[in-house]
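**Student:** Take a look at the following structure, please.
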Amino acid sequence: MTEELPDRYSAADVEQRIYQWWESKGYFKAQDVSTKPPFCIILPPPNVTGQLHMGHALDHTIQDVLIRWKRMSGFNALWLPGTDHAGIATQMVVERELKKKGESRREMGREEFVARVWEWKRQYGSRIYAQMKRLGDSCDWDRAVFTLDEGVSKAVRKVFVDLYKRNLIYKGQRLINWSWPLETAISDLEVEHRETKGSLWYVEYPVEGSDDKLTVATTRPETMLGDTAVAVHPEDDRYKRLIGKSAKLPLSGRLVPIIADEYVDKSFGSGVVKITPAHDFNDYQVGNRHGLPMINILEKNGLLNANAGPYEGMKVLDARKKIVEDLKAGGFLAKEEAHKHSVGYCSRSGAVVEPFLSEQWFVRTKPLAVQARRTVESGTTRFEPEMWTKTYLHWMEIIEDWCISRQLWWGHRVPAWHCADCGHVTVAETDPASCEKCQGTNLGQDEDVLDTWFSSALWPFSTMGWPGETETLKTFYPTNVLVTGHDIIFFWVARMMMMGLEFMRDVPFRKVLIHGLVRDQDGKKMSKSAGNSADPVELIETYGADALRFTIMAQIASGRDLKFSEQRLEGYRNFMNKIWNATRFSLAALKDFQAPADGEKASPNRSDMSAADHWIISRTQSVAKEVEAHMEEDRFSEAANALYHFVWNDFCDWYLELVKPIIYGAVSAERSATQLVLAQTLNRMMRLLHPFIPFITEEIWQKLPIRSEALIVDSYPTQRTDKDWFATASKDAVFEMEVVKEVIAAIRNIRGENSIKPGQAIKVRLAPADGRVQKILGENKVVIMRLARLEDVEIGEAGNLAKCALTPVRLPEASVDVIVPLEGVIDIAEEVKRIHKATEKIQKDMGVLTKKLGNENFVKNAPEELVLADRAQVEQFRAQLERLRDSLSRLQ
RNA sequence: AGGCGCUUAGCUCAGUUGGUAGAGCAAUACCCUUACAAGGUAUGGGUCGUGGGUUCGAGUCCCUCAGCGCCUACCA
């Protein structure tokens, strides 16, 4: 009933077909109402302009593995997808397109431009979804949400209005970060600080009414046009007497007061600071403390304004140059020093960020942060790894008001209307027809849009139909886990916590799983601009999505960054091929196998099973147990590695090899039993592997003799689901197989060390220490002969050891001497070397143990079983050494 | 400046309660053995960054120092 499979697995031929089949069958769908327990993850919405990058690949693979695992574990699993309108990013992309066509945003006006962006979105907005599907993301696509969808927009408005009415949103004139190329405010978090080479200029400010001069140190001399004070430290004896007097600004001649403020560091520069409240955050605070006027010297486009007098219309850097020249010419410049300092850059445009005085909307975050802090402190929401808790809590302590307005066109427009008649601002969920104060109809909507992160902050409930009281919310809120990188804890996680608690009265998620970032081989963060980012879609095309997923999952450990290497990916691609070929062999071995009617429940007669059969079932049980424990604790790499080892080493290297003599043998009850075990093991193996490598496992599943309709919705093997199957394995089988494996390994070692050609069959004598082991060896004689390539094996007394290689096999509770007569087979001298090597190793190990056991305190304090085990081990070593010495003496 | 993290085999990294160090890749030797050369068998390779402490016993817990990295704040 099996068809022929190609000997190489081709992911490209399989993955997209399988994905479409899953989707067409509706397997990704979750139920709003269900008897199953809910499990929900909301996808951190990628930018609608985004292309899938390695960061997504990492983030999504974790989520998909979790979702698939939970889905198979009987949960009503919902992975809710969506995309983010990404205000600045998208606006920039579309503007760039327009520019190519010779069009501009400003010329076409707001309405037309927004229409063009929507057009762009319609065309390219689902590109990222298509790429996610290549990765295997099993999202419930029918629920996909875009942040500008009607439902989400309604939620945004409701939240805005609500917070405004409660005075948690306000509009105010404040100093904010201004990106002049984009002509918009940006939040603190969108500013990147970079060490930059600059100069420190010492400028002399004459003191009014005296010959004194104050030397002011500054890195931005052009801002002196906006100076409204000069400050010194109140305890600075050099300048105490000048406090209260006025200084005369060079060039403009304007008078400014000399004030005292503790903010000034006496030891830095000259100990005198010029105060420019409208262009520096510290100065802004000093200005507020002293009630200083604020002089803004910049236009929105970054050029100097009328306040700059003769410098009006110049760019900041040009003005700086000119002013330095003028200061020098006027004799005001005392000196210039090279100076390194950190400068803020706009993370979007790359331009230097200017602190800029402007009218913006703010969220008062401190009251919101209180609960958001407490729920994490109390453990209602936990961070994993736990260390991020501190980062989060610290930020919640120092949190500042959040500037939520952006001077962009693409986004949620601020739902506030300014009355031209009375000046009142009407904030409302539905567009008002008239001013709520004077009833005038001369209303104009606020021009600003909201920070993209404002809508993102509502994501966990806005995507589920809030403010409606939906079944989705009832079932899935709070969500179970949020999976994200540590770079957006502040941007996003913290804000979702605040909003969720405020509007849903409950945390948005029970757990925040923080993972690391993807780096290149040199440890650099992957980024487009650095040109070092691997393209996951390309990698998927070359190696397959499964290989990429497994590479990620096998390496990701407790939130650490992961260095991506294609070599490693190749290794796991080989693993996929290994699985494929193991299946190919198995299916051939099952050609004449009749699938039992009771499918997964069918078990063979225990008496018909071989030791290998018992053993592989027991190994399956162990690995299932291990994987379950690791998955429960989010130790994905441990789970992945346990599976890797199980498949490659246990199943392929041992089980399949052990079973070959039976499979190739005559039809019998024993052979049928082994076929059944093989079929059942394949079934469990695919189920265990599926969350990690969904495509290949589903493809294989469809060809298995024992299977259900679809692996993706079959059950995940645990001690409970597969209790009966695991119970068919005899407990003795593990021990029995250990003996067999060790004996084979010992013979192989003798062969390898003595350079006996693989093709050359040899004779071996096995001398077991007791009847139990003797029985085991007898029962597995065929297997041992095959795997060790023997032409004959004798089991019994050690006999004459003359010219023999000997390896005492070490096992707790078992001992066998493996004896290979070497005469005519190899050079005796080689064997002498081998025995010396083996002896040294045992002596070394024994030395450690005897030293330990010689320590009274160890014997007194260590657990008894440990001491006993060590003693037994020493005894065994002693016996083994004796055998080796004996063997050595008989060689010469 | 403060906070956090890292330092284990040539490379990339695991190592959950402290009990004689592991994986993948790379390397070496031999093999196209009828599932797989994207494979098999065997082998070599580490005083777990430094110095100290706790303990019968430390890669694992505590302290010191060094190097690297990240985050936050910022020097006018």
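Each chain in the structure tokens gets a letter, A, B, ..., in the order shown, and its residues are numbered from 1; ligands are numbered from 1 in order too.
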I'd like the neighbourhood of U28 of chain B as a VMD selection string, where a residue qualifies if any of its atoms comes within 12 Å (using only C-alpha atoms (C1' of nucleotides)), though same-chain residues fewer than 4 positions away should be ignored.
**Tutor:** chain B and resid 42 to 45
**Student:** Using only C-alpha atoms (C1' of nucleotides), which residues sit within 9 Å of C4 of chain B once same-chain residues fewer than 3 positions away are excluded, as a list in words?
**Tutor:**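 My reading of the contact set: Met387, Trp388, Lys390 and Thr391 of chain A; C70 and C71 of chain B.
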**Student:** At a cut-off of 12 Å, using only C-alpha atoms (C1' of nucleotides), what residues contact Val859 of chain A? Leave out same-chain residues fewer than 3 positions from it and give the result as a list in words.
**Tutor:**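 Listing them by chain and then by number gives Leu849, Thr850, Lys851, Lys852, Leu853, Gly854, Asn855, Glu856, Ala862, Pro863, Glu864, Glu865, Leu866, Val867, Leu868, Ala869, Asp870 and Arg871 of chain A; C56 and G57 of chain B.
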**Student:** Produce a file of the selected residues containing C-alpha atoms (C1' of nucleotides), as a short mmCIF file (atom, residue, chain, number, x, y, z; two decimals), in the first residue's frame.
**Tutor:**
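Now in selection_11.cif:
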data_model
loop_
_atom_site.label_atom_id
_atom_site.label_comp_id
_atom_site.auth_asym_id
_atom_site.auth_seq_id
_atom_site.Cartn_x
_atom_site.Cartn_y
_atom_site.Cartn_z
CA LEU A 849 36.82 7.59 42.63
CA THR A 850 39.28 6.14 45.10
CA LYS A 851 40.34 9.59 46.14
CA LYS A 852 36.74 10.52 46.69
CA LEU A 853 36.01 7.39 48.64
CA GLY A 854 39.18 7.89 50.66
CA ASN A 855 37.73 11.13 51.94
CA GLU A 856 36.01 10.35 55.24
CA ALA A 862 27.17 12.13 50.76
CA PRO A 863 23.95 10.22 50.11
CA GLU A 864 24.45 6.55 50.80
CA GLU A 865 23.35 5.37 47.39
CA LEU A 866 25.96 7.57 45.79
CA VAL A 867 28.69 6.11 47.94
CA LEU A 868 27.52 2.57 47.24
CA ALA A 869 27.38 3.20 43.53
CA ASP A 870 30.90 4.59 43.55
CA ARG A 871 32.16 1.62 45.51
"C1'" C B 56 32.76 16.06 51.95
"C1'" G B 57 32.22 17.77 46.79
#
**Student:** Report as an MDAnalysis selection string all protein, DNA and RNA residues lying within 12 Å of A29 of chain B, evaluated on only C-alpha atoms (C1' of nucleotides), omitting residues in the same chain fewer than 4 positions from it.
**Tutor:** (chainID A and resid 752:757) or (chainID B and resid 41:44)
**Student:** Atom CA of Trp459 of chain A and atom CA of Leu52 of chain A, how far apart in Å?
**Tutor:** 20.4 Å
**Student:** Neighbouring residues of Val370 of chain A were defined as those with any atom within 12 Å, considering only C-alpha atoms (C1' of nucleotides); residues of the same chain fewer than 2 positions away were excluded. Please report them as a list in words.
**Tutor:**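 Residues meeting the cut-off are Arg364, Thr365, Lys366, Pro367, Leu368, Ala372, Arg373, Arg374, Thr375, Val376, Glu377, Leu393, Trp395, Met396, Glu397, Ile398, Ile399, Ala494, Met497, Met498, Met499, Leu501 and Glu502 of chain A.
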**Student:** Can you write out the residues you just picked, keeping N, CA, C and O atoms, as an mmCIF file, in the first residue's frame?
**Tutor:**
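out.cif written:
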data_model
loop_
_atom_site.group_PDB
_atom_site.id
_atom_site.type_symbol
_atom_site.label_atom_id
_atom_site.label_comp_id
_atom_site.auth_asym_id
_atom_site.auth_seq_id
_atom_site.Cartn_x
_atom_site.Cartn_y
_atom_site.Cartn_z
ATOM 1 N N ARG A 364 -0.975 60.764 30.197
ATOM 2 C CA ARG A 364 -0.412 60.844 31.542
ATOM 3 C C ARG A 364 -0.178 59.413 32.003
ATOM 4 O O ARG A 364 -1.121 58.710 32.366
ATOM 5 N N THR A 365 1.035 58.972 31.958
ATOM 6 C CA THR A 365 1.277 57.536 32.151
ATOM 7 C C THR A 365 1.444 57.126 33.611
ATOM 8 O O THR A 365 1.219 55.967 33.944
ATOM 9 N N LYS A 366 1.830 58.057 34.436
ATOM 10 C CA LYS A 366 2.127 57.646 35.820
ATOM 11 C C LYS A 366 0.953 56.939 36.516
ATOM 12 O O LYS A 366 1.159 55.883 37.117
ATOM 13 N N PRO A 367 -0.274 57.496 36.414
ATOM 14 C CA PRO A 367 -1.383 56.785 37.071
ATOM 15 C C PRO A 367 -1.632 55.412 36.463
ATOM 16 O O PRO A 367 -2.008 54.474 37.169
ATOM 17 N N LEU A 368 -1.421 55.280 35.162
ATOM 18 C CA LEU A 368 -1.656 54.000 34.500
ATOM 19 C C LEU A 368 -0.586 52.981 34.861
ATOM 20 O O LEU A 368 -0.830 51.775 34.899
ATOM 21 N N ALA A 372 -0.022 48.573 36.366
ATOM 22 C CA ALA A 372 0.784 47.764 35.447
ATOM 23 C C ALA A 372 2.037 47.263 36.148
ATOM 24 O O ALA A 372 2.567 46.206 35.828
ATOM 25 N N ARG A 373 2.488 48.042 37.094
ATOM 26 C CA ARG A 373 3.655 47.628 37.855
ATOM 27 C C ARG A 373 3.256 46.554 38.864
ATOM 28 O O ARG A 373 3.904 45.536 39.001
ATOM 29 N N ARG A 374 2.156 46.827 39.547
ATOM 30 C CA ARG A 374 1.734 45.904 40.607
ATOM 31 C C ARG A 374 1.429 44.509 40.109
ATOM 32 O O ARG A 374 1.787 43.519 40.742
ATOM 33 N N THR A 375 0.761 44.417 38.960
ATOM 34 C CA THR A 375 0.394 43.078 38.483
ATOM 35 C C THR A 375 1.623 42.249 38.135
ATOM 36 O O THR A 375 1.586 41.032 38.220
ATOM 37 N N VAL A 376 2.693 42.923 37.760
ATOM 38 C CA VAL A 376 3.916 42.161 37.483
ATOM 39 C C VAL A 376 4.630 41.837 38.785
ATOM 40 O O VAL A 376 5.138 40.732 38.971
ATOM 41 N N GLU A 377 4.619 42.795 39.701
ATOM 42 C CA GLU A 377 5.233 42.531 41.015
ATOM 43 C C GLU A 377 4.570 41.346 41.703
ATOM 44 O O GLU A 377 5.221 40.526 42.337
ATOM 45 N N LEU A 393 10.003 46.713 35.392
ATOM 46 C CA LEU A 393 9.625 47.466 36.592
ATOM 47 C C LEU A 393 10.382 48.777 36.693
ATOM 48 O O LEU A 393 9.823 49.807 37.063
ATOM 49 N N TRP A 395 11.471 50.571 34.298
ATOM 50 C CA TRP A 395 10.937 51.523 33.346
ATOM 51 C C TRP A 395 9.622 52.114 33.844
ATOM 52 O O TRP A 395 9.328 53.287 33.674
ATOM 53 N N MET A 396 8.836 51.260 34.473
ATOM 54 C CA MET A 396 7.564 51.735 35.010
ATOM 55 C C MET A 396 7.777 52.778 36.118
ATOM 56 O O MET A 396 6.932 53.616 36.357
ATOM 57 N N GLU A 397 8.927 52.695 36.780
ATOM 58 C CA GLU A 397 9.259 53.670 37.825
ATOM 59 C C GLU A 397 9.559 55.039 37.225
ATOM 60 O O GLU A 397 9.125 56.066 37.744
ATOM 61 N N ILE A 398 10.330 55.021 36.143
ATOM 62 C CA ILE A 398 10.829 56.299 35.627
ATOM 63 C C ILE A 398 10.015 56.791 34.431
ATOM 64 O O ILE A 398 10.419 57.698 33.736
ATOM 65 N N ILE A 399 8.888 56.165 34.239
ATOM 66 C CA ILE A 399 8.106 56.456 33.033
ATOM 67 C C ILE A 399 7.703 57.933 32.956
ATOM 68 O O ILE A 399 7.366 58.559 33.956
ATOM 69 N N ALA A 494 4.752 47.089 27.876
ATOM 70 C CA ALA A 494 4.351 47.929 29.000
ATOM 71 C C ALA A 494 3.050 48.661 28.696
ATOM 72 O O ALA A 494 2.170 48.795 29.557
ATOM 73 N N MET A 497 0.058 46.402 28.822
ATOM 74 C CA MET A 497 -0.284 46.130 30.220
ATOM 75 C C MET A 497 -1.129 47.277 30.780
ATOM 76 O O MET A 497 -2.152 47.055 31.420
ATOM 77 N N MET A 498 -0.697 48.497 30.528
ATOM 78 C CA MET A 498 -1.415 49.650 31.063
ATOM 79 C C MET A 498 -2.837 49.714 30.508
ATOM 80 O O MET A 498 -3.799 49.879 31.239
ATOM 81 N N MET A 499 -2.947 49.575 29.200
ATOM 82 C CA MET A 499 -4.255 49.702 28.562
ATOM 83 C C MET A 499 -5.165 48.516 28.881
ATOM 84 O O MET A 499 -6.366 48.687 29.090
ATOM 85 N N LEU A 501 -5.169 46.655 31.550
ATOM 86 C CA LEU A 501 -5.651 46.767 32.925
ATOM 87 C C LEU A 501 -6.690 47.870 33.041
ATOM 88 O O LEU A 501 -7.678 47.747 33.768
ATOM 89 N N GLU A 502 -6.479 48.933 32.299
ATOM 90 C CA GLU A 502 -7.379 50.075 32.395
ATOM 91 C C GLU A 502 -8.744 49.780 31.783
ATOM 92 O O GLU A 502 -9.771 50.124 32.353
#
**Student:** Counting only C-alpha atoms (C1' of nucleotides), figure out which residue out of A:Phe75, A:Trp417, A:Trp654, A:Tyr572 gets nearest to chain B.
**Tutor:**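 Closest candidate: A:Tyr572.
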**Student:** Would you list the contacts of Val740 of chain A as number ranges by chain, taking every protein, DNA or RNA residue within 12 Å and counting only C-alpha atoms (C1' of nucleotides), but skipping same-chain residues closer than 5 positions in sequence?
**Tutor:** A: 611-612, 615, 654-655, 658, 733-735, 745-747, 766, 768, 773-788, 809-811, 814-816, 818
**Student:** As a VMD selection string, could you give me every residue of chain B near chain A (at most 10 Å apart, counting only C-alpha atoms (C1' of nucleotides))?
**Tutor:** chain B and resid 3 to 6 11 to 14 16 19 to 20 23 to 25 29 to 31 33 35 to 36 38 to 43 56 to 57 69 71 to 72 74 to 76
**Student:** Can you tell me, as a PyMOL selection string, what residues are no more than 10 Å from Arg549 of chain A when counting only C-alpha atoms (C1' of nucleotides), ignoring any on the same chain fewer than 2 positions away?
**Tutor:** chain A and resi 57-58+60-62+64-65+135-136+540+544-547+551-554+569+572+691-694
